[in-house]
Amino acid sequence: MINASEQLCSKCSKANATSICIGCKQIFCPEDSISHRQDLSNEFDAVINKHDLLHQQFEKQDNDATTHPIMDKVNQWEKETIAKIKQEAHKAHYELQQLFTRCNEELGQKLRRITKELCTAKDKQDYLETHLCKWLDALEALQNELTTPSDFKVHIKAMSINVTLMPIEKFDRVCGDIRLEQNELAVVHGAMNSHAEVRGACLYLHGIHHIKIKIEKMLKDHWMFFGIISSTAEMDEKSYLTQSAYGWA
């Protein structure tokens, strides 16, 4: 019969249990106490092995991040992003080329017009200092447009780029007693009491366009005509009577 004061071994159930494990709170006999300690030692070795494996994996990953699984997602994102950027860049190149072609055509028209005026003036020997100043200013303006065009605007966002043409309207050709000032942004009528014409530099084919014009001074009983006219129409002091002219006074 087992004495009530005797403790049973938690492993073999013998009545000679003498050791208590303060970790698991179990009671063991001397033989199983040694065995239990050996089991703890084996479990500790397993923890050490797991630690060593994790440490090796950590060092390998730290030295070579390309082996990390998430790097595949980053690489895929990189490929897709580069493809989108190349697509947007190709689109921007095409649009920019189209705009350059259009602007060069307009510059060519302006240059051919000046060439015609110079040839006519040379053949007829019909030119004054005012004509020379006007031609020099026009050539200087064309030179600036050719070397440093200010009409282009580029909008760059995270994944897109847009190239647009921002036309800067200025006064261009004149006919009659009229002159251009302030870098072709202002028009001044001379002292002669006669009609005169001035046209803008930009050409418009379709759409809605907003142009601001400020009248700083106009004599009493005088009037102005604002309108549109075909670009092929000849300059004339009374161009408002031209068939293609349309506007209001």
# chains A, B, ... in the order shown; residues from 1 in each chain; ligands from 1
>>> select_by_dssp(residues="range 75-206 of chain A", states="strand (DSSP E or B)", output="PDB file with C-alpha atoms, in the first residue's frame")
ATOM      1  CA  PHE A 152       5.139  74.485 -76.012  1.00  0.00           C
ATOM      2  CA  LYS A 153       4.106  73.348 -72.571  1.00  0.00           C
ATOM      3  CA  VAL A 154       4.859  69.960 -71.031  1.00  0.00           C
ATOM      4  CA  HIS A 155       2.774  68.513 -68.188  1.00  0.00           C
ATOM      5  CA  ILE A 156       4.540  65.658 -66.400  1.00  0.00           C
ATOM      6  CA  ILE A 161       3.348  63.246 -69.904  1.00  0.00           C
ATOM      7  CA  ASN A 162       1.330  65.608 -72.071  1.00  0.00           C
ATOM      8  CA  VAL A 163       2.755  68.013 -74.629  1.00  0.00           C
ATOM      9  CA  THR A 164       0.492  70.878 -75.623  1.00  0.00           C
ATOM     10  CA  LEU A 165       0.799  73.933 -77.799  1.00  0.00           C
ATOM     11  CA  PHE A 171       0.000  91.365 -83.522  1.00  0.00           C
ATOM     12  CA  ASP A 172       1.846  90.583 -86.716  1.00  0.00           C
ATOM     13  CA  ARG A 173       1.110  92.299 -90.039  1.00  0.00           C
ATOM     14  CA  VAL A 174       0.022  95.900 -90.440  1.00  0.00           C
ATOM     15  CA  CYS A 175      -1.308  97.984 -93.301  1.00  0.00           C
ATOM     16  CA  ILE A 178      -0.233 101.997 -87.823  1.00  0.00           C
ATOM     17  CA  ARG A 179       2.727 100.653 -85.855  1.00  0.00           C
ATOM     18  CA  LEU A 180       3.442  97.841 -83.394  1.00  0.00           C
ATOM     19  CA  GLU A 181       4.952  98.404 -79.958  1.00  0.00           C
ATOM     20  CA  ALA A 186       0.324  96.854 -78.620  1.00  0.00           C
ATOM     21  CA  VAL A 187      -0.910  98.726 -81.699  1.00  0.00           C
ATOM     22  CA  VAL A 188      -0.779 102.497 -82.136  1.00  0.00           C
ATOM     23  CA  HIS A 189      -2.548 104.365 -84.915  1.00  0.00           C
ATOM     24  CA  GLU A 197      -5.426  97.098 -90.601  1.00  0.00           C
ATOM     25  CA  VAL A 198      -3.522  94.868 -88.192  1.00  0.00           C
ATOM     26  CA  ARG A 199      -3.666  91.079 -88.000  1.00  0.00           C
ATOM     27  CA  GLY A 200      -2.696  88.581 -85.335  1.00  0.00           C
TER      28      GLY A 200
END
>>> closest_residue(among="A:Cys29, A:Cys133, A:Ile48, A:Ile85", to="Cys12 in chain A", atoms="only C-alpha atoms")
A:Cys29
>>> residues_around(residues="Tyr240 in chain A", least_positions_apart="5", cutoff="12 Å", atoms="only C-alpha atoms", output="number ranges by chain")
A: 195-199, 224-230, 233-235, 245-249
>>> atom_distance(atom1="CA of Cys9 in chain A", atom2="CA of Ile27 in chain A")
5.5 Å
>>> closest_residue(among="A:Leu203, A:Asn75, A:Ile82, A:Ile114", to="Arg102 in chain A", atoms="only C-alpha atoms")
A:Leu203
